[in-house]
Amino acid sequence: MSAVPRSEKPAGRFRRMLDRLSTSQEDLHSAELEEDSQAAGCSRICDCDDRQVVKVTGTLRTVTLRPRAGVPALEAELFDGTAPLDVVWLGRRSIVGIEPGRRLIASGRISMSHGRRVLFNPKYELRPLGQE
(Lines give C-alpha, C1' and ligand atoms only; values in the text may rest on other atoms or scores of the structure.)
Protein backbone atom coordinates (compact mmCIF):
# COMPACT_ATOMS: atom_id res chain seq x y z
CA MET A 1 0.00 0.00 0.00
CA SER A 2 1.57 3.31 -1.03
CA ALA A 3 0.87 6.57 0.72
CA VAL A 4 -0.65 9.35 -1.35
CA PRO A 5 1.48 12.52 -1.14
CA ARG A 6 -0.24 15.31 0.76
CA SER A 7 -0.31 17.62 -2.29
CA GLU A 8 -2.32 15.05 -4.29
CA LYS A 9 -5.03 14.39 -1.69
CA PRO A 10 -8.45 15.81 -2.54
CA ALA A 11 -9.22 18.97 -0.61
CA GLY A 12 -11.54 18.41 2.31
CA ARG A 13 -14.46 20.57 3.35
CA PHE A 14 -12.34 22.59 5.81
CA ARG A 15 -9.65 23.26 3.18
CA ARG A 16 -12.23 24.43 0.62
CA MET A 17 -13.75 26.74 3.23
CA LEU A 18 -10.32 28.23 4.01
CA ASP A 19 -9.65 28.72 0.29
CA ARG A 20 -12.97 30.54 -0.15
CA LEU A 21 -12.29 32.79 2.86
CA SER A 22 -8.83 33.73 1.60
CA THR A 23 -9.96 34.43 -1.98
CA SER A 24 -11.19 37.88 -3.06
CA GLN A 25 -14.82 38.42 -4.07
CA GLU A 26 -13.72 39.29 -7.61
CA ASP A 27 -11.81 36.00 -7.94
CA LEU A 28 -14.79 34.04 -6.63
CA HIS A 29 -17.12 35.82 -9.08
CA SER A 30 -14.72 35.13 -11.97
CA ALA A 31 -14.53 31.44 -11.07
CA GLU A 32 -18.33 31.25 -10.89
CA LEU A 33 -18.65 32.87 -14.33
CA GLU A 34 -16.10 30.44 -15.79
CA GLU A 35 -18.06 27.46 -14.41
CA ASP A 36 -21.30 28.90 -15.80
CA SER A 37 -19.70 29.34 -19.23
CA GLN A 38 -18.48 25.76 -19.26
CA ALA A 39 -21.86 24.42 -18.09
CA ALA A 40 -23.65 26.32 -20.88
CA GLY A 41 -21.34 24.80 -23.51
CA CYS A 42 -19.89 28.18 -24.47
CA SER A 43 -16.37 29.20 -25.46
CA ARG A 44 -14.16 31.04 -23.00
CA ILE A 45 -13.65 34.61 -24.22
CA CYS A 46 -9.88 34.42 -23.65
CA ASP A 47 -9.74 31.51 -26.15
CA CYS A 48 -11.61 33.39 -28.92
CA ASP A 49 -9.58 34.51 -31.93
CA ASP A 50 -10.16 37.13 -34.61
CA ARG A 51 -12.80 36.15 -37.24
CA GLN A 52 -13.90 33.09 -35.24
CA VAL A 53 -17.62 32.30 -34.95
CA VAL A 54 -18.32 31.85 -31.23
CA LYS A 55 -20.99 31.37 -28.60
CA VAL A 56 -20.08 33.02 -25.28
CA THR A 57 -21.82 33.78 -22.02
CA GLY A 58 -21.12 36.13 -19.15
CA THR A 59 -22.28 39.17 -17.22
CA LEU A 60 -22.66 42.65 -18.67
CA ARG A 61 -20.38 44.94 -16.68
CA THR A 62 -21.10 48.21 -18.50
CA VAL A 63 -23.66 49.42 -21.03
CA THR A 64 -23.15 52.74 -22.88
CA LEU A 65 -24.56 54.62 -25.86
CA ARG A 66 -21.66 55.59 -28.10
CA PRO A 67 -22.28 56.81 -31.65
CA ARG A 68 -20.12 55.28 -34.40
CA ALA A 69 -19.76 57.31 -37.61
CA GLY A 70 -22.89 59.29 -36.73
CA VAL A 71 -24.97 56.15 -36.16
CA PRO A 72 -26.19 55.28 -32.66
CA ALA A 73 -24.50 52.22 -31.18
CA LEU A 74 -25.31 50.47 -27.92
CA GLU A 75 -22.09 49.06 -26.46
CA ALA A 76 -21.77 46.63 -23.57
CA GLU A 77 -18.82 44.88 -21.96
CA LEU A 78 -19.43 41.17 -21.44
CA PHE A 79 -17.20 39.38 -18.91
CA ASP A 80 -17.02 35.60 -18.47
CA GLY A 81 -14.35 35.40 -15.78
CA THR A 82 -11.48 35.05 -18.27
CA ALA A 83 -11.52 38.20 -20.43
CA PRO A 84 -13.79 41.09 -21.49
CA LEU A 85 -15.64 41.22 -24.81
CA ASP A 86 -17.21 44.36 -26.29
CA VAL A 87 -20.70 43.64 -27.64
CA VAL A 88 -22.02 46.32 -30.04
CA TRP A 89 -25.51 46.72 -31.48
CA LEU A 90 -25.34 49.23 -34.35
CA GLY A 91 -28.35 51.47 -34.93
CA ARG A 92 -29.78 50.88 -31.45
CA ARG A 93 -30.10 53.40 -28.63
CA SER A 94 -31.38 50.85 -26.12
CA ILE A 95 -32.54 47.25 -25.88
CA VAL A 96 -34.94 46.08 -23.19
CA GLY A 97 -33.08 43.83 -20.75
CA ILE A 98 -29.58 44.93 -21.78
CA GLU A 99 -28.34 46.47 -18.54
CA PRO A 100 -25.31 46.15 -16.23
CA GLY A 101 -25.37 42.99 -14.12
CA ARG A 102 -27.50 41.01 -16.58
CA ARG A 103 -26.24 37.64 -17.77
CA LEU A 104 -26.61 36.68 -21.41
CA ILE A 105 -25.47 34.29 -24.10
CA ALA A 106 -24.21 35.92 -27.31
CA SER A 107 -23.11 34.40 -30.60
CA GLY A 108 -21.56 35.77 -33.74
CA ARG A 109 -18.20 36.45 -35.38
CA ILE A 110 -15.44 37.98 -33.23
CA SER A 111 -13.39 40.83 -34.62
CA MET A 112 -10.47 42.72 -33.11
CA SER A 113 -10.60 46.51 -32.70
CA HIS A 114 -7.80 48.42 -31.01
CA GLY A 115 -6.57 45.21 -29.35
CA ARG A 116 -9.99 44.28 -27.88
CA ARG A 117 -12.38 41.52 -28.90
CA VAL A 118 -15.64 42.88 -30.37
CA LEU A 119 -18.89 41.17 -31.35
CA PHE A 120 -21.07 43.29 -33.66
CA ASN A 121 -24.87 42.78 -33.81
CA PRO A 122 -24.79 39.38 -32.10
CA LYS A 123 -27.61 36.94 -31.71
CA TYR A 124 -28.28 36.95 -27.99
CA GLU A 125 -30.33 35.28 -25.31
CA LEU A 126 -31.00 36.93 -21.94
CA ARG A 127 -30.47 34.57 -19.01
CA PRO A 128 -33.39 34.30 -16.56
CA LEU A 129 -33.18 36.77 -13.67
CA GLY A 130 -33.40 34.00 -11.09
CA GLN A 131 -30.02 32.59 -12.22
CA GLU A 132 -28.11 35.74 -11.32
# chains A, B, ... in the order shown; residues from 1 in each chain; ligands from 1

call {"tool": "residues_around", "arguments": {"residues": "Arg93 (chain A)", "least_positions_apart": "4", "cutoff": "8 Å", "atoms": "only C-alpha atoms", "output": "JSON, numbers by chain"}}
result
{"A": [65, 72, 73, 74]}

call {"tool": "residues_around", "arguments": {"residues": "Ala39 (chain A)", "least_positions_apart": "4", "cutoff": "12 Å", "atoms": "only C-alpha atoms", "output": "list in words"}}
result
Glu32, Leu33, Glu34, Glu35, Ser43, Arg44, Val56, Thr57 and Gly58 of chain A

call {"tool": "write_last_selection", "arguments": {"atoms": "all heavy atoms", "output": "short mmCIF file (atom, residue, chain, number, x, y, z; two decimals), in the first residue's frame"}}
result
data_model
loop_
_atom_site.label_atom_id
_atom_site.label_comp_id
_atom_site.auth_asym_id
_atom_site.auth_seq_id
_atom_site.Cartn_x
_atom_site.Cartn_y
_atom_site.Cartn_z
N GLU A 32 -16.93 31.62 -10.70
CA GLU A 32 -18.33 31.25 -10.89
C GLU A 32 -18.75 31.48 -12.34
O GLU A 32 -19.44 30.65 -12.94
CB GLU A 32 -19.21 32.10 -9.96
CG GLU A 32 -20.68 31.82 -10.06
CD GLU A 32 -21.50 32.74 -9.18
OE1 GLU A 32 -21.14 32.92 -8.01
OE2 GLU A 32 -22.49 33.29 -9.69
N LEU A 33 -18.32 32.59 -12.94
CA LEU A 33 -18.65 32.87 -14.33
C LEU A 33 -18.01 31.86 -15.27
O LEU A 33 -18.64 31.43 -16.24
CB LEU A 33 -18.20 34.29 -14.71
CG LEU A 33 -19.01 35.44 -14.11
CD1 LEU A 33 -18.35 36.77 -14.40
CD2 LEU A 33 -20.43 35.43 -14.64
N GLU A 34 -16.77 31.45 -14.97
CA GLU A 34 -16.10 30.44 -15.79
C GLU A 34 -16.85 29.11 -15.75
O GLU A 34 -17.04 28.46 -16.77
CB GLU A 34 -14.66 30.22 -15.33
CG GLU A 34 -13.70 31.25 -15.84
CD GLU A 34 -12.26 30.88 -15.52
OE1 GLU A 34 -11.74 29.94 -16.17
OE2 GLU A 34 -11.68 31.51 -14.63
N GLU A 35 -17.30 28.71 -14.55
CA GLU A 35 -18.06 27.46 -14.41
C GLU A 35 -19.37 27.54 -15.17
O GLU A 35 -19.78 26.58 -15.83
CB GLU A 35 -18.33 27.19 -12.93
CG GLU A 35 -17.12 26.77 -12.15
CD GLU A 35 -17.39 26.65 -10.65
OE1 GLU A 35 -18.59 26.64 -10.25
OE2 GLU A 35 -16.43 26.57 -9.88
N SER A 43 -17.82 28.99 -25.40
CA SER A 43 -16.37 29.20 -25.46
C SER A 43 -15.95 30.19 -24.39
O SER A 43 -16.71 31.08 -24.03
CB SER A 43 -15.98 29.78 -26.83
OG SER A 43 -16.39 28.95 -27.87
N ARG A 44 -14.72 30.03 -23.91
CA ARG A 44 -14.16 31.04 -23.00
C ARG A 44 -13.71 32.21 -23.86
O ARG A 44 -13.09 32.02 -24.91
CB ARG A 44 -12.97 30.46 -22.23
CG ARG A 44 -13.36 29.37 -21.28
CD ARG A 44 -12.22 28.70 -20.56
NE ARG A 44 -10.89 29.13 -20.96
CZ ARG A 44 -9.85 29.18 -20.15
NH1 ARG A 44 -9.98 28.83 -18.89
NH2 ARG A 44 -8.67 29.56 -20.58
N VAL A 56 -20.66 32.70 -26.58
CA VAL A 56 -20.08 33.02 -25.28
C VAL A 56 -21.18 33.42 -24.31
O VAL A 56 -22.28 33.80 -24.72
CB VAL A 56 -19.03 34.15 -25.39
CG1 VAL A 56 -17.84 33.72 -26.20
CG2 VAL A 56 -19.65 35.41 -25.98
N THR A 57 -20.88 33.34 -23.03
CA THR A 57 -21.82 33.78 -22.02
C THR A 57 -21.06 34.51 -20.93
O THR A 57 -19.87 34.29 -20.75
CB THR A 57 -22.63 32.60 -21.42
OG1 THR A 57 -23.64 33.12 -20.56
CG2 THR A 57 -21.75 31.64 -20.66
N GLY A 58 -21.75 35.38 -20.23
CA GLY A 58 -21.12 36.13 -19.15
C GLY A 58 -22.08 37.16 -18.59
O GLY A 58 -23.29 37.14 -18.86
#

call {"tool": "residues_around", "arguments": {"residues": "Leu90 (chain A)", "least_positions_apart": "6", "cutoff": "12 Å", "atoms": "only C-alpha atoms", "output": "mmCIF file with N, CA, C and O atoms, in the first residue's frame"}}
result
data_model
loop_
_atom_site.group_PDB
_atom_site.id
_atom_site.type_symbol
_atom_site.label_atom_id
_atom_site.label_comp_id
_atom_site.auth_asym_id
_atom_site.auth_seq_id
_atom_site.Cartn_x
_atom_site.Cartn_y
_atom_site.Cartn_z
ATOM 1 N N LEU A 65 -24.134 54.193 -24.529
ATOM 2 C CA LEU A 65 -24.562 54.617 -25.859
ATOM 3 C C LEU A 65 -23.417 55.429 -26.435
ATOM 4 O O LEU A 65 -23.056 56.480 -25.896
ATOM 5 N N ARG A 66 -22.807 54.929 -27.506
ATOM 6 C CA ARG A 66 -21.658 55.595 -28.096
ATOM 7 C C ARG A 66 -21.826 55.600 -29.609
ATOM 8 O O ARG A 66 -21.715 54.550 -30.238
ATOM 9 N N PRO A 67 -22.105 56.755 -30.202
ATOM 10 C CA PRO A 67 -22.283 56.809 -31.653
ATOM 11 C C PRO A 67 -21.018 56.388 -32.413
ATOM 12 O O PRO A 67 -19.904 56.678 -31.988
ATOM 13 N N ARG A 68 -21.218 55.686 -33.511
ATOM 14 C CA ARG A 68 -20.117 55.283 -34.401
ATOM 15 C C ARG A 68 -20.436 55.816 -35.783
ATOM 16 O O ARG A 68 -21.439 55.441 -36.373
ATOM 17 N N ALA A 69 -19.590 56.704 -36.279
ATOM 18 C CA ALA A 69 -19.760 57.314 -37.607
ATOM 19 C C ALA A 69 -21.146 57.941 -37.747
ATOM 20 O O ALA A 69 -21.788 57.822 -38.779
ATOM 21 N N GLY A 70 -21.609 58.600 -36.690
ATOM 22 C CA GLY A 70 -22.891 59.291 -36.733
ATOM 23 C C GLY A 70 -24.102 58.396 -36.543
ATOM 24 O O GLY A 70 -25.231 58.859 -36.591
ATOM 25 N N VAL A 71 -23.881 57.114 -36.350
ATOM 26 C CA VAL A 71 -24.969 56.155 -36.160
ATOM 27 C C VAL A 71 -24.987 55.750 -34.684
ATOM 28 O O VAL A 71 -23.937 55.469 -34.114
ATOM 29 N N PRO A 72 -26.170 55.707 -34.055
ATOM 30 C CA PRO A 72 -26.193 55.281 -32.656
ATOM 31 C C PRO A 72 -25.699 53.836 -32.527
ATOM 32 O O PRO A 72 -25.937 53.006 -33.406
ATOM 33 N N ALA A 73 -25.002 53.574 -31.431
ATOM 34 C CA ALA A 73 -24.500 52.224 -31.177
ATOM 35 C C ALA A 73 -24.568 51.957 -29.679
ATOM 36 O O ALA A 73 -24.039 52.728 -28.884
ATOM 37 N N LEU A 74 -25.232 50.885 -29.313
ATOM 38 C CA LEU A 74 -25.307 50.472 -27.917
ATOM 39 C C LEU A 74 -24.148 49.511 -27.682
ATOM 40 O O LEU A 74 -24.038 48.480 -28.349
ATOM 41 N N GLU A 75 -23.263 49.871 -26.745
ATOM 42 C CA GLU A 75 -22.088 49.056 -26.457
ATOM 43 C C GLU A 75 -22.171 48.509 -25.040
ATOM 44 O O GLU A 75 -22.561 49.228 -24.124
ATOM 45 N N ALA A 76 -21.790 47.257 -24.887
ATOM 46 C CA ALA A 76 -21.773 46.625 -23.574
ATOM 47 C C ALA A 76 -20.492 45.814 -23.447
ATOM 48 O O ALA A 76 -19.976 45.298 -24.438
ATOM 49 N N LEU A 119 -17.845 41.960 -30.701
ATOM 50 C CA LEU A 119 -18.887 41.169 -31.345
ATOM 51 C C LEU A 119 -19.962 42.154 -31.799
ATOM 52 O O LEU A 119 -20.614 42.782 -30.973
ATOM 53 N N PHE A 120 -20.099 42.348 -33.123
ATOM 54 C CA PHE A 120 -21.071 43.292 -33.658
ATOM 55 C C PHE A 120 -22.403 42.597 -33.939
ATOM 56 O O PHE A 120 -22.440 41.516 -34.521
ATOM 57 N N ASN A 121 -23.500 43.254 -33.553
ATOM 58 C CA ASN A 121 -24.868 42.780 -33.806
ATOM 59 C C ASN A 121 -25.035 41.278 -33.571
ATOM 60 O O ASN A 121 -25.463 40.541 -34.462
ATOM 61 N N PRO A 122 -24.720 40.820 -32.361
ATOM 62 C CA PRO A 122 -24.790 39.378 -32.101
ATOM 63 C C PRO A 122 -26.217 38.880 -31.947
ATOM 64 O O PRO A 122 -27.130 39.646 -31.635
#

call {"tool": "residues_around", "arguments": {"residues": "Leu104 (chain A)", "least_positions_apart": "2", "cutoff": "10 Å", "atoms": "only C-alpha atoms", "output": "number ranges by chain"}}
result
A: 56-60, 78, 97-98, 101-102, 106, 124-128

call {"tool": "closest_residue", "arguments": {"among": "A:Ile105, A:Thr82, A:Met112, A:Val63", "to": "Ala40 (chain A)", "atoms": "only C-alpha atoms"}}
result
A:Ile105

call {"tool": "select_by_dssp", "arguments": {"residues": "region 45-124 of chain A", "states": "strand (DSSP E)", "output": "number ranges by chain"}}
result
A: 53-65, 73-79, 84-90, 103-113, 116-120, 123-124
